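Data file: target.txt. Format and content: compact mmCIF, C-alpha atoms.
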# COMPACT_ATOMS: atom_id res chain seq x y z
CA MET A 1 6.31 46.84 44.17
CA ARG A 2 9.23 48.42 42.40
CA VAL A 3 9.67 48.81 38.68
CA ARG A 4 12.75 49.46 36.58
CA VAL A 5 12.35 51.85 33.67
CA HIS A 6 14.61 51.69 30.69
CA PHE A 7 14.36 54.33 27.97
CA ARG A 8 16.57 54.57 24.91
CA TYR A 9 16.28 57.14 22.14
CA ARG A 10 18.36 57.25 18.99
CA ALA A 11 18.88 60.75 17.63
CA ASP A 12 20.20 59.42 14.32
CA THR A 13 16.86 57.80 13.52
CA GLY A 14 14.61 59.90 15.74
CA GLU A 15 13.13 56.75 17.22
CA VAL A 16 12.48 55.63 20.75
CA GLU A 17 14.22 52.31 20.52
CA VAL A 18 13.45 50.96 23.97
CA PHE A 19 10.84 51.97 26.49
CA ARG A 20 10.41 49.16 28.96
CA VAL A 21 9.04 48.95 32.46
CA ASP A 22 10.20 45.80 34.23
CA ASP A 23 9.04 44.36 37.48
CA ALA A 24 11.96 44.90 39.83
CA GLY A 25 10.44 42.84 42.63
CA GLY A 26 9.44 43.91 46.09
CA THR A 27 5.98 42.33 46.17
CA ARG A 28 4.50 39.00 45.49
CA VAL A 29 2.54 38.44 42.34
CA GLY A 30 -0.98 38.63 43.58
CA ILE A 31 -4.07 40.74 43.72
CA ASP A 32 -3.70 43.87 41.66
CA HIS A 33 -0.04 43.16 40.94
CA ASP A 34 -0.63 43.40 37.21
CA GLY A 35 -2.80 46.47 37.65
CA ARG A 36 -0.15 48.34 39.61
CA HIS A 37 2.44 47.34 37.08
CA GLU A 38 0.29 48.55 34.20
CA ARG A 39 -0.59 51.82 35.93
CA ALA A 40 3.13 52.46 36.54
CA ALA A 41 3.90 51.75 32.89
CA LEU A 42 1.13 54.11 31.78
CA ASP A 43 2.23 56.81 34.15
CA VAL A 44 5.79 56.93 32.92
CA ALA A 45 4.82 56.37 29.26
CA ARG A 46 2.57 59.45 29.37
CA VAL A 47 5.70 61.55 29.75
CA VAL A 48 6.51 60.87 26.10
CA ASP A 49 3.10 59.90 24.70
CA ARG A 50 -0.29 61.37 25.47
CA ASP A 51 -2.08 58.07 24.91
CA PRO A 52 0.40 55.22 25.06
CA LEU A 53 -0.41 51.65 24.18
CA ILE A 54 0.78 49.19 26.77
CA GLU A 55 1.65 45.77 25.50
CA GLU A 56 2.24 42.96 27.91
CA ILE A 57 4.77 40.38 26.93
CA VAL A 58 4.23 37.14 28.73
CA ASP A 59 6.93 34.55 29.01
CA SER A 60 7.02 31.29 30.87
CA ALA A 61 9.05 32.55 33.82
CA GLU A 62 8.45 35.24 36.43
CA PRO A 63 8.63 38.14 37.00
CA VAL A 64 6.27 40.24 34.92
CA GLU A 65 7.74 42.83 32.59
CA GLN A 66 6.20 45.64 30.68
CA ARG A 67 7.74 47.08 27.58
CA VAL A 68 6.93 50.40 26.01
CA VAL A 69 8.03 51.03 22.44
CA ALA A 70 7.78 54.12 20.28
CA PRO A 71 7.85 53.39 16.56
CA ALA A 72 8.16 56.36 14.21
CA THR A 73 5.99 56.32 11.11
CA ASP A 74 6.87 57.59 7.64
CA GLU A 75 4.51 60.51 8.04
CA GLU A 76 5.54 61.53 11.48
CA THR A 77 8.87 62.56 12.85
CA THR A 78 7.97 60.98 16.13
CA GLY A 79 5.32 58.32 16.10
CA ARG A 80 2.82 57.44 18.70
CA THR A 81 4.34 55.55 21.51
CA GLY A 82 3.14 52.02 21.90
CA ALA A 83 3.63 50.09 25.06
CA GLU A 84 4.24 46.44 25.47
CA ARG A 85 3.91 44.40 28.59
CA ILE A 86 5.95 41.26 28.87
CA ARG A 87 5.20 38.47 31.27
CA GLU A 88 7.86 35.86 31.71
CA MET B 102 64.84 147.40 -27.09
CA CYS B 103 63.22 149.37 -24.31
CA ASN B 104 60.49 148.38 -21.90
CA PRO B 105 57.38 146.87 -23.51
CA ARG B 106 54.15 148.84 -23.62
CA ARG B 107 50.93 147.02 -22.96
CA VAL B 108 47.57 147.77 -24.57
CA ARG B 109 44.40 146.34 -22.96
CA VAL B 110 41.11 146.07 -24.79
CA GLN B 111 37.79 145.11 -23.20
CA ALA B 112 35.26 143.56 -25.54
CA THR B 113 31.56 142.99 -24.95
CA ARG B 114 29.22 140.72 -26.87
CA GLN B 115 25.55 139.92 -26.59
CA LEU B 116 25.47 136.16 -26.28
CA THR B 117 22.24 134.80 -27.70
CA GLN B 118 22.42 131.05 -28.17
CA THR B 119 20.15 128.07 -27.73
CA TRP B 120 21.48 124.87 -26.30
CA GLU B 121 20.42 121.23 -25.82
CA GLN B 122 21.54 118.68 -23.31
CA GLU B 123 20.78 114.98 -23.42
CA VAL B 124 20.42 113.91 -19.82
CA ARG B 125 21.25 110.20 -19.69
CA ARG B 126 21.44 107.88 -16.70
CA ARG B 127 22.26 104.20 -16.40
CA VAL B 128 21.48 102.25 -13.23
CA THR B 129 22.29 98.63 -12.41
CA ALA B 130 20.13 96.84 -9.86
CA THR B 131 20.82 93.46 -8.30
CA GLY B 132 18.58 90.94 -6.62
CA MET B 133 18.60 87.40 -5.36
CA ALA B 134 16.61 84.74 -7.19
CA VAL B 135 15.50 82.04 -4.79
CA GLY B 136 13.99 78.68 -5.61
CA GLU B 137 12.44 76.81 -2.71
CA ALA B 138 11.32 73.29 -2.02
CA ARG B 139 9.80 72.35 1.32
CA THR B 140 8.50 69.48 3.32
CA ARG B 141 6.24 69.68 6.35
CA GLU B 142 6.24 66.81 8.79
CA PRO B 143 3.82 66.65 11.71
CA LEU B 144 5.44 65.74 14.95
CA GLY B 145 3.82 62.76 16.58
CA SER B 146 0.35 64.01 17.41
CA ASN B 147 0.39 62.10 20.68
CA LEU B 148 3.68 63.42 21.96
CA GLY B 149 3.40 63.74 25.72
CA ALA B 150 2.87 67.15 27.24
CA PRO B 151 6.05 66.96 29.39
CA VAL B 152 8.18 66.31 26.30
CA ILE B 153 6.46 69.08 24.34
CA ALA B 154 7.09 71.53 27.18
CA ALA B 155 10.70 70.37 27.49
CA LEU B 156 11.16 70.68 23.72
CA THR B 157 10.11 74.33 23.81
CA ALA B 158 12.56 74.97 26.62
CA VAL B 159 15.35 73.17 24.77
CA LEU B 160 14.78 75.06 21.54
CA SER B 161 14.69 78.35 23.43
CA ARG B 162 18.18 77.81 24.76
CA ALA B 163 19.91 75.57 22.23
CA ALA B 164 22.68 77.07 20.12
CA GLY B 165 21.73 77.77 16.54
CA TRP B 166 18.00 78.04 17.21
CA GLU B 167 16.11 81.34 17.22
CA TRP B 168 12.47 82.28 17.71
CA ARG B 169 11.21 84.22 14.71
CA ASP B 170 7.81 84.55 13.03
CA GLU B 171 6.03 82.20 15.42
CA ALA B 172 8.52 79.37 14.93
CA PHE B 173 11.84 78.09 16.22
CA ARG B 174 14.27 78.32 13.33
CA HIS B 175 17.68 76.88 12.59
CA SER B 176 19.63 77.69 9.48
CA LEU B 177 20.97 74.81 7.42
CA ALA B 178 23.56 74.65 4.69
CA GLY B 179 21.32 75.37 1.73
CA GLY B 180 18.10 75.80 3.65
CA GLU B 181 16.26 76.27 6.89
CA LEU B 182 14.69 74.11 9.54
CA SER B 183 11.76 75.36 11.55
CA TYR B 184 9.54 73.94 14.25
CA HIS B 185 6.08 75.45 14.58
CA PRO B 186 4.95 74.71 18.14
CA ASP B 187 1.36 75.86 17.59
CA VAL B 188 0.70 73.08 15.08
CA ARG B 189 3.66 70.88 16.08
CA VAL B 190 4.99 70.73 12.58
CA LEU B 191 8.58 70.41 11.51
CA GLU B 192 9.28 72.24 8.28
CA ILE B 193 12.40 71.85 6.18
CA VAL B 194 13.05 74.25 3.34
CA ALA B 195 15.81 73.83 0.76
CA HIS B 196 17.01 76.93 -1.05
CA ALA B 197 18.76 77.38 -4.35
CA THR B 198 19.84 80.97 -4.86
CA GLU B 199 21.47 82.98 -7.57
CA GLN B 200 22.26 86.66 -7.82
CA VAL B 201 20.71 88.42 -10.78
CA SER B 202 21.30 91.93 -12.08
CA ALA B 203 19.84 94.18 -14.74
CA THR B 204 20.61 97.59 -16.11
CA GLY B 205 18.06 100.28 -16.80
CA THR B 206 18.69 103.41 -18.81
CA ALA B 207 16.68 106.60 -19.26
CA THR B 208 17.22 109.80 -21.18
CA ALA B 209 15.65 113.22 -21.32
CA LEU B 210 16.35 116.19 -23.57
CA ALA B 211 16.76 119.56 -21.91
CA ARG B 212 16.68 122.76 -23.96
CA GLY B 213 17.40 126.36 -23.12
CA GLU B 214 18.66 129.71 -24.35
CA VAL B 215 21.28 132.11 -23.11
CA ASP B 216 20.65 135.75 -23.85
CA GLU B 217 23.05 137.96 -21.98
CA ALA B 218 25.94 140.34 -22.43
CA ILE B 219 29.37 138.87 -21.83
CA THR B 220 32.61 140.74 -21.37
CA ALA B 221 36.26 139.73 -21.82
CA GLU B 222 39.56 141.44 -21.94
CA GLY B 223 42.58 141.05 -24.25
CA ALA B 224 46.06 142.50 -24.14
CA GLY B 225 48.83 143.23 -26.66
CA THR B 226 52.36 144.59 -26.34
CA TYR B 227 54.61 146.81 -28.44
CA TYR B 228 57.90 148.67 -28.16
CA ASP B 229 58.51 152.32 -28.73
CA ASP B 230 61.49 151.46 -30.89
CA ARG B 231 59.24 149.13 -32.98
CA TRP B 232 61.36 146.20 -32.00
CA GLY B 233 60.00 143.09 -33.60
CA GLY B 234 57.90 145.17 -35.96
CA THR B 235 55.39 146.02 -33.23
CA THR B 236 53.50 149.28 -33.04
CA GLU B 237 50.71 150.52 -30.83
CA GLN B 238 48.30 149.58 -33.61
CA THR B 239 49.59 146.01 -33.91
CA ALA B 240 49.34 145.75 -30.14
CA ARG B 241 45.77 147.05 -30.21
CA ASP B 242 44.89 144.55 -32.96
CA ASP B 243 46.47 141.74 -30.94
CA ALA B 244 44.53 142.85 -27.88
CA GLN B 245 41.29 142.95 -29.86
CA ARG B 246 41.86 139.43 -31.22
CA ALA B 247 42.72 138.17 -27.75
CA ALA B 248 39.57 139.77 -26.35
CA GLU B 249 37.46 138.16 -29.08
CA ALA B 250 39.06 134.75 -28.36
CA ALA B 251 38.38 135.27 -24.68
CA LEU B 252 34.76 136.12 -25.49
CA ASP B 253 34.46 132.87 -27.45
CA ALA B 254 35.82 130.97 -24.42
CA VAL B 255 33.41 132.73 -22.04
CA ALA B 256 30.53 131.94 -24.40
CA ARG B 257 31.46 128.24 -24.51
CA GLN B 258 31.85 128.20 -20.74
CA ARG B 259 28.45 129.80 -20.21
CA ILE B 260 26.76 127.28 -22.49
CA GLU B 261 28.53 124.42 -20.71
CA GLN B 262 27.42 125.85 -17.37
CA GLU B 263 23.83 125.96 -18.55
CA ARG B 264 23.99 122.40 -19.87
CA ALA B 265 25.61 121.13 -16.67
CA ALA B 266 22.98 122.86 -14.55
CA ALA B 267 20.24 121.29 -16.68
CA ASP B 268 21.90 117.88 -16.32
CA ARG B 269 21.91 118.24 -12.56
CA ALA B 270 18.35 119.52 -12.45
CA GLU B 271 16.94 116.73 -14.63
CA GLY B 272 19.40 114.07 -13.50
CA ALA B 273 17.59 112.97 -10.36
CA ASP B 274 14.32 112.34 -12.21
CA VAL B 275 16.08 110.55 -15.05
CA GLU B 276 18.02 108.43 -12.58
CA ARG B 277 14.83 107.47 -10.75
CA LEU B 278 13.33 106.42 -14.04
CA ALA B 279 16.39 104.34 -14.94
CA ALA B 280 16.45 102.77 -11.47
CA GLY B 281 12.77 101.89 -11.73
CA ARG B 282 13.36 100.16 -15.05
CA ALA B 283 16.33 98.27 -13.61
CA ARG B 284 14.31 97.14 -10.59
CA GLN B 285 11.42 96.04 -12.75
CA GLU B 286 13.77 94.00 -14.90
CA VAL B 287 15.39 92.49 -11.82
CA ALA B 288 11.97 91.56 -10.43
CA GLN B 289 11.07 89.77 -13.64
CA LEU B 290 14.46 88.05 -13.76
CA THR B 291 14.16 87.02 -10.12
CA GLN B 292 10.75 85.50 -10.70
CA ARG B 293 11.79 83.72 -13.89
CA ARG B 294 15.05 82.42 -12.46
CA GLY B 295 13.38 81.50 -9.17
CA ALA B 296 11.02 79.18 -11.01
CA GLU B 297 13.98 77.51 -12.67
CA LEU B 298 15.81 77.24 -9.36
CA ARG B 299 12.90 75.38 -7.73
CA ALA B 300 13.99 72.21 -9.47
CA ALA B 301 17.50 72.61 -8.06
CA ALA B 302 16.05 73.20 -4.59
CA ALA B 303 13.88 70.09 -4.88
CA ALA B 304 16.93 68.04 -5.81
CA ARG B 305 18.67 69.36 -2.70
CA LEU B 306 15.74 68.78 -0.34
CA THR B 307 16.64 65.19 0.56
CA GLN B 308 20.13 66.14 1.62
CA VAL B 309 18.98 69.25 3.47
CA GLY B 310 16.21 67.21 5.09
CA VAL B 311 18.65 64.70 6.55
CA GLN B 312 20.70 67.53 7.97
CA GLY B 313 17.58 69.19 9.42
CA ARG B 314 16.14 66.06 10.99
CA ASN B 315 19.47 65.23 12.62
CA ILE B 316 19.55 68.65 14.25
CA PHE B 317 15.93 68.38 15.38
CA HIS B 318 16.34 64.84 16.71
CA LEU B 319 19.23 66.01 18.87
CA ALA B 320 16.98 68.69 20.34
CA LEU B 321 14.24 66.10 20.81
CA ALA B 322 16.72 63.86 22.62
CA GLU B 323 17.37 66.67 25.08
CA ALA B 324 13.63 67.13 25.52
CA TYR B 325 13.12 63.40 26.23
CA ARG B 326 16.02 63.48 28.68
CA ASP B 327 14.77 66.56 30.55
CA ALA B 328 11.19 65.31 30.69
CA ILE B 329 12.08 61.81 31.86
CA LEU B 330 14.62 63.02 34.41
CA ALA B 331 12.04 65.46 35.79
CA TYR B 332 9.57 62.58 36.06
CA ALA B 333 12.14 60.38 37.78
CA ARG B 334 12.93 63.10 40.30
CA SER B 335 9.24 63.64 41.01
CA ARG B 336 8.88 59.92 41.77
CA GLN B 337 11.98 59.84 44.01
CA ALA B 338 13.57 57.40 41.59
CA GLN B 339 16.62 55.45 42.65
CA GLY B 340 19.50 53.90 40.77
CA LEU B 341 19.27 56.52 38.08
CA THR B 342 21.78 56.16 35.28
CA MET B 343 21.97 58.16 32.12
CA SER B 344 24.31 58.20 29.15
CA GLU B 345 24.39 60.21 25.97
CA ARG B 346 26.83 58.74 23.50
CA ASP B 347 26.97 58.89 19.73
CA GLY B 348 23.46 60.25 19.55
CA VAL B 349 22.02 57.49 21.74
CA LEU B 350 20.29 58.51 24.95
CA ASP B 351 19.96 55.80 27.59
CA ILE B 352 18.12 56.33 30.86
CA GLU B 353 17.39 53.76 33.54
CA PHE B 354 15.94 54.12 37.00
CA GLU B 355 13.84 52.34 39.56
CA MET B 356 10.78 53.62 41.34
CA GLU B 357 7.95 52.50 43.55
CA ALA B 358 4.85 51.55 41.64

Please lay out the structure from this file as structure tokens.
Amino acid sequence: MRVRVHFRYRADTGEVEVFRVDDAGGTRVGIDHDGRHERAALDVARVVDRDPLIEEIVDSAEPVEQRVVAPATDEETTGRTGAERIRE
Amino acid sequence: MCNPRRVRVQATRQLTQTWEQEVRRRVTATGMAVGEARTREPLGSNLGAPVIAALTAVLSRAAGWEWRDEAFRHSLAGGELSYHPDVRVLEIVAHATEQVSATGTATALARGEVDEAITAEGAGTYYDDRWGGTTEQTARDDAQRAAEAALDAVARQRIEQERAAADRAEGADVERLAAGRARQEVAQLTQRRGAELRAAAAARLTQVGVQGRNIFHLALAEAYRDAILAYARSRQAQGLTMSERDGVLDIEFEMEA
């Protein structure tokens, strides 16, 4: 399967605004499809976060998406990156 | 009137005189009073290793940043920004400064005595035809008076020489003493004023902090970009697009999962 990665960082706020890993097609949804998607999301998220949280967002339609977000906290200049998986 | 005749008289005197010289020095020292206020902000503790490595590389090459005292530092208007990679802490310091100065004085009294023979010469003139009422005797008297006046001048000069020599000899020590007092006063002033300036620095910290974070976030954007692009290349990514506009970094690519 192929995935599309979208990363957006805003220097004015110091926040990772978008970190999303979408299913770009190429394979059928089936055995281990979600696992491969999640491993891909983790792999790329580890570039910016040592221990990212992957959150799956499930919607009614296919294909599966994964979104990775990086909220900054008050105490930290750059917060821990969370990850979100979206399923449509 | 015929040609004038000149009479010369040499006079000698034993000069025995005590003298005193007040050696006085005044030194002004200046210093800079600095009030500081600082904030330390930990970078996200979970920041990925590729971004951390890229950040170090970015800060090593970015304009305005320098490595000093175990930190990357960037000067700010009214403060300094530093990133300490060992603890991954961003530190922003606001300064309020003011020049202070103080004057120190010191005196010493030098005493001495001159006991020596001094010699001076005087001259007088007369005319054989007594023109102007002059005679050899009046000329000799004039010469004697002139010699005595010259002796007085030599005596004054000798005393002045002694006093000047004493001033030079003692001057360096007296000046050191005055300078030490000036520096001590400046140190106290600097400390006292620095404490007062801390409040001004604290009031400036918010503004300086915004400036500092903006600069750091731009460096962090470069680090994210370099780290993600390196990842994309390592995964033979396709359809890579990247834009950096108005402080917003956008990267998209596709890869095999």

For this session: Please return, as a ChimeraX atom specification, all residues of chain B lying within 10 Å of chain A when all atoms listed in the file are considered.
Result: /B:141-153,190-191,311,314-326,328-329,331-333,336,338-358

Exercise. For Thr291 in chain B, which residue out of B:Glu171, B:Arg126, B:Trp120, B:Ser202 is the nearest one, using all atoms listed in the file?
Worked result: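 The answer is B:Ser202, which sits nearest to Thr291 in chain B.
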
Hey, what's within 9 Å of Trp166 in chain B if we count all atoms listed in the file and toss same-chain stuff fewer than 3 positions away? As a CSV table (one decimal) with C-alpha atoms, in the frame of the given file, please?
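The result, stored in around-v6.csv:
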chain,number,residue,atom,x,y,z
B,160,LEU,CA,14.8,75.1,21.5
B,161,SER,CA,14.7,78.4,23.4
B,162,ARG,CA,18.2,77.8,24.8
B,163,ALA,CA,19.9,75.6,22.2
B,173,PHE,CA,11.8,78.1,16.2
B,174,ARG,CA,14.3,78.3,13.3
B,175,HIS,CA,17.7,76.9,12.6
B,176,SER,CA,19.6,77.7,9.5
B,183,SER,CA,11.8,75.4,11.6

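Going from CA of Tyr227 in chain B over to CA of Arg107 in chain B, you cover 6.6 Å.
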
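Take CA of Arg127 in chain B and CA of Arg269 in chain B: the distance between them is 14.6 Å.
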